[in-house]
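Below is the file my_file.pdb, which contains PDB, C-alpha atoms.
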```
ATOM      1  CA  MET N  20      65.724  80.401 109.571
ATOM      2  CA  ALA N  21      67.374  77.539 107.711
ATOM      3  CA  GLY N  22      66.023  78.979 104.456
ATOM      4  CA  ARG N  23      67.705  82.293 105.120
ATOM      5  CA  SER N  24      71.122  80.809 105.773
ATOM      6  CA  ARG N  25      70.864  78.711 102.607
ATOM      7  CA  LEU N  26      69.838  81.816 100.654
ATOM      8  CA  ALA N  27      72.614  83.851 102.260
ATOM      9  CA  ARG N  28      75.152  81.254 101.111
ATOM     10  CA  LEU N  29      74.027  81.792  97.527
ATOM     11  CA  PHE N  30      75.014  85.442  97.752
ATOM     12  CA  VAL N  31      78.433  85.037  99.315
ATOM     13  CA  ARG N  32      80.855  86.904  97.097
ATOM     14  CA  HIS N  33      83.899  84.948  95.984
ATOM     15  CA  PRO N  34      86.923  86.454  94.263
ATOM     16  CA  ALA N  35      87.088  85.989  90.490
ATOM     17  CA  ILE N  36      90.826  85.393  90.546
ATOM     18  CA  SER N  37      92.342  82.686  92.715
ATOM     19  CA  ARG N  38      94.848  83.156  95.515
ATOM     20  CA  GLU N  39      97.490  81.520  93.314
ATOM     21  CA  ALA N  40      96.763  83.918  90.437
ATOM     22  CA  ALA N  41      96.992  86.902  92.797
ATOM     23  CA  ILE N  42     100.371  85.696  94.070
ATOM     24  CA  THR N  43     101.678  85.265  90.509
ATOM     25  CA  ILE N  44     100.569  88.781  89.562
ATOM     26  CA  ALA N  45     102.047  90.316  92.739
ATOM     27  CA  GLN N  46     105.368  88.470  92.428
ATOM     28  CA  HIS N  47     106.246  90.427  89.311
ATOM     29  CA  ASP N  48     106.075  93.819  91.047
ATOM     30  CA  ALA N  49     107.684  92.577  94.268
ATOM     31  CA  ARG N  50     110.546  90.930  92.367
ATOM     32  CA  VAL N  51     111.259  94.060  90.298
ATOM     33  CA  LEU N  52     111.521  96.236  93.417
ATOM     34  CA  SER N  53     113.643  93.897  95.557
ATOM     35  CA  ALA N  54     117.438  93.864  95.543
ATOM     36  CA  THR N  55     117.365  90.209  96.686
ATOM     37  CA  ASP N  56     115.260  87.107  96.082
ATOM     38  CA  ILE N  57     111.735  87.358  97.471
ATOM     39  CA  THR N  58     109.693  84.941  99.552
ATOM     40  CA  LEU N  59     105.956  84.960 100.081
ATOM     41  CA  ILE N  60     104.676  85.971 103.534
ATOM     42  CA  THR N  61     100.921  85.817 102.931
ATOM     43  CA  ALA N  62      98.070  86.489 100.521
ATOM     44  CA  LYS N  63      94.775  87.669 102.019
ATOM     45  CA  ASN N  64      91.425  88.509 100.479
ATOM     46  CA  GLY N  65      89.313  91.314 101.938
ATOM     47  CA  ARG N  66      88.459  94.985 101.640
ATOM     48  CA  LEU N  67      91.194  97.436 100.677
ATOM     49  CA  GLY N  68      90.811  99.347 103.972
ATOM     50  CA  GLU N  69      91.825  96.234 105.936
ATOM     51  CA  PHE N  70      95.300  96.271 104.388
ATOM     52  CA  LEU N  71      96.324  99.906 104.800
ATOM     53  CA  HIS N  72      98.798 101.211 107.361
ATOM     54  CA  PRO N  73      97.195 102.672 110.526
ATOM     55  CA  GLY N  74      95.920 106.173 109.795
ATOM     56  CA  GLN N  75      96.100 105.647 106.019
ATOM     57  CA  TRP N  76      92.959 106.052 103.903
ATOM     58  CA  MET N  77      92.319 105.640 100.187
ATOM     59  CA  PRO N  78      89.338 106.179  97.923
ATOM     60  CA  GLY N  79      87.705 102.827  97.297
ATOM     61  CA  HIS N  80      88.632 101.517 100.754
ATOM     62  CA  LYS N  81      85.657  99.104 100.572
ATOM     63  CA  ARG N  82      86.840  97.612  97.255
ATOM     64  CA  ARG N  83      87.484  93.840  97.389
ATOM     65  CA  VAL N  84      91.147  92.993  96.871
ATOM     66  CA  TRP N  85      93.913  90.482  97.300
ATOM     67  CA  ALA N  86      96.802  91.841  99.390
ATOM     68  CA  VAL N  87     100.018  89.870  98.925
ATOM     69  CA  SER N  88     103.151  90.435 101.016
ATOM     70  CA  PHE N  89     106.759  89.347 100.532
ATOM     71  CA  HIS N  90     110.126  89.321 102.278
ATOM     72  CA  GLY N  91     112.942  90.875 100.280
ATOM     73  CA  GLU N  92     115.224  93.910 100.388
ATOM     74  CA  TYR N  93     113.433  97.056  99.365
ATOM     75  CA  ARG N  94     115.509 100.226  99.223
ATOM     76  CA  ALA N  95     114.023 103.391 100.639
ATOM     77  CA  MET N  96     113.541 106.104  98.046
ATOM     78  CA  GLY N  97     115.397 109.357  98.587
ATOM     79  CA  GLY N  98     116.894 109.486 102.039
ATOM     80  CA  PRO N  99     117.974 112.063 104.536
ATOM     81  CA  VAL N 100     119.102 115.401 103.142
ATOM     82  CA  THR N 101     122.613 116.510 104.050
ATOM     83  CA  LEU N 102     122.637 120.194 104.856
ATOM     84  CA  PRO N 103     125.580 122.341 103.717
ATOM     85  CA  GLY N 104     128.394 122.341 106.263
ATOM     86  CA  ARG N 105     127.038 119.289 108.098
ATOM     87  CA  PRO N 106     128.387 115.736 108.045
ATOM     88  CA  PRO N 107     126.509 113.322 105.770
ATOM     89  CA  ARG N 108     123.693 111.377 107.368
ATOM     90  CA  PRO N 109     123.781 107.603 107.309
ATOM     91  CA  PRO N 110     121.696 105.971 104.571
ATOM     92  CA  VAL N 111     118.196 104.792 105.377
ATOM     93  CA  PRO N 112     118.225 101.019 105.957
ATOM     94  CA  PRO N 113     116.224  98.979 103.448
ATOM     95  CA  ASN N 114     112.770  97.675 104.241
ATOM     96  CA  THR N 115     112.517  93.894 104.454
ATOM     97  CA  THR N 116     108.832  93.574 103.500
ATOM     98  CA  ALA N 117     106.650  94.805 100.653
ATOM     99  CA  TYR N 118     103.066  94.313  99.531
ATOM    100  CA  VAL N 119     101.020  94.460  96.363
ATOM    101  CA  VAL N 120      97.261  95.064  96.326
ATOM    102  CA  ILE N 121      95.263  93.578  93.449
ATOM    103  CA  ASP N 122      91.598  93.932  92.456
ATOM    104  CA  ASP N 123      90.106  90.519  93.224
ATOM    105  CA  ARG N 124      87.750  90.606  90.208
ATOM    106  CA  THR N 125      90.016  91.874  87.418
ATOM    107  CA  GLY N 126      93.546  91.091  88.604
ATOM    108  CA  GLU N 127      94.520  94.755  88.128
ATOM    109  CA  VAL N 128      97.376  95.928  90.368
ATOM    110  CA  ILE N 129      95.974  98.827  92.394
ATOM    111  CA  PHE N 130      99.183  99.773  94.207
ATOM    112  CA  GLY N 131     102.171  98.388  96.046
ATOM    113  CA  GLY N 132     104.579  99.639  98.629
ATOM    114  CA  HIS N 133     107.025  98.930 101.385
ATOM    115  CA  PRO N 134     107.131  98.167 104.232
ATOM    116  CA  ALA N 135     104.074  95.914 104.333
ATOM    117  CA  PRO N 136     101.541  96.726 107.075
ATOM    118  CA  ALA N 137     101.581  94.546 110.190
ATOM    119  CA  VAL N 138      98.300  92.864 109.226
ATOM    120  CA  LEU N 139     100.212  91.276 106.313
ATOM    121  CA  THR N 140     103.407  90.376 108.164
ATOM    122  CA  GLY N 141     102.178  89.112 111.509
ATOM    123  CA  ALA N 142     104.372  91.712 113.245
TER     124      ALA N 142
END
```
Let me see whether you can do it: turn the structure in this file into structure tokens.
Amino acid sequence: MAGRSRLARLFVRHPAISREAAITIAQHDARVLSATDITLITAKNGRLGEFLHPGQWMPGHKRRVWAVSFHGEYRAMGGPVTLPGRPPRPPVPPNTTAYVVIDDRTGEVIFGGHPAPAVLTGA
């Protein structure tokens, strides 16, 4: 049994890029999208499917990634439509979290969005 656990440890997959490198890559996208300064919430390594919003699915959901989340002020795109003859609707409040998902082998940004899912914000 001891031989198996030692052998199993040899095949544990580790990310090619470090947590720090993932954060540096993600900061660029998060900073560009935010209307205010950003602060890091967390950076987690795992499978893509672990970092999606409930009910969301993507091809490659088993792909190994870094998911990095930030606090900032992220404006909602679009907004409510004002129908002719009706009073204007109030603007959509900005999101205060965003996340960037990065391939943990290549450092390629796969996607980003806001708000960040609860698994990345502790909410």
**OP:** Given the file shown, enumerate the residues that the PyMOL selection byres ((chain N and resi 66) around 10) captures and present them as number ranges by chain.
**Re:** N: 63-65, 67-71, 79-86, 122-123
Using all atoms listed in the file, determine which residues lie at most 8 Å from Ser53 of chain N, disregarding the query and same-chain residues fewer than 5 positions distant; provide the list as a short mmCIF file (atom, residue, chain, number, x, y, z; two decimals) with C-alpha atoms, in the coordinates of the input.
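Written file, around_23.cif:
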```cif
data_model
loop_
_atom_site.label_atom_id
_atom_site.label_comp_id
_atom_site.auth_asym_id
_atom_site.auth_seq_id
_atom_site.Cartn_x
_atom_site.Cartn_y
_atom_site.Cartn_z
CA GLY N 91 112.94 90.88 100.28
CA GLU N 92 115.22 93.91 100.39
CA TYR N 93 113.43 97.06 99.36
CA ARG N 94 115.51 100.23 99.22
#
```
**OP:** Do a neighbour search on Ile121 of chain N at 8 Å with all atoms listed in the file, toss out local chain neighbours closer than 3 positions, and write the hits as a list of chain:residue names.
**Re:**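 Within the cut-off, the hits are N:Ala41, N:Ala45, N:Val84, N:Trp85, N:Ala86, N:Gly126, N:Glu127, N:Val128, N:Ile129, N:Phe130.
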Subject >> Which residue of N:Ala62, N:Ala135, N:Ala35, N:Met77 approaches Thr115 of chain N most closely, using all atoms listed in the file >> reply: N:Ala135
Original post:
How far is it from atom CA of Phe89 of chain N to atom CA of Arg108 of chain N, in Å with one decimal?
Top reply: 28.6 Å
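Atom pair atom CA of Gly131 of chain N / atom CA of Ala54 of chain N has a distance of 15.9 Å (rounded to one decimal).
Shortest separation to Ala117 of chain N among N:Val100, N:His72, N:Leu59, N:Pro134 occurs at residue N:Pro134, atoms counted being all atoms listed in the file.
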Original post:
In Å, how far is it from atom CA of Ser88 of chain N to atom CA of Ile60 of chain N?
Top reply: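 One can read the atom CA of Ser88 of chain N to atom CA of Ile60 of chain N distance as 5.3 Å.
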Can you report as JSON the centre and edge lengths in Å, to one decimal, of an axis-aligned box around the listed atoms of segment 80-86 of chain N padded with 5 Å on each side?
```
{"center_x": 91.2, "center_y": 96.0, "center_z": 98.8, "size_x": 21.1, "size_y": 21.0, "size_z": 13.9}
```
Original post:
Looking at N:Ala49, N:Ile57, N:Pro107, N:Leu102, which one is nearest to Gly132 of chain N, with distances taken over all atoms listed in the file?
Top reply: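 Among N:Ala49, N:Ile57, N:Pro107, N:Leu102, it is N:Ala49 that comes nearest to Gly132 of chain N.
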Original post:
Closest to Gln46 of chain N among N:Pro109, N:Pro34, N:His133, N:Val119, using all atoms listed in the file?
Top reply: N:Val119
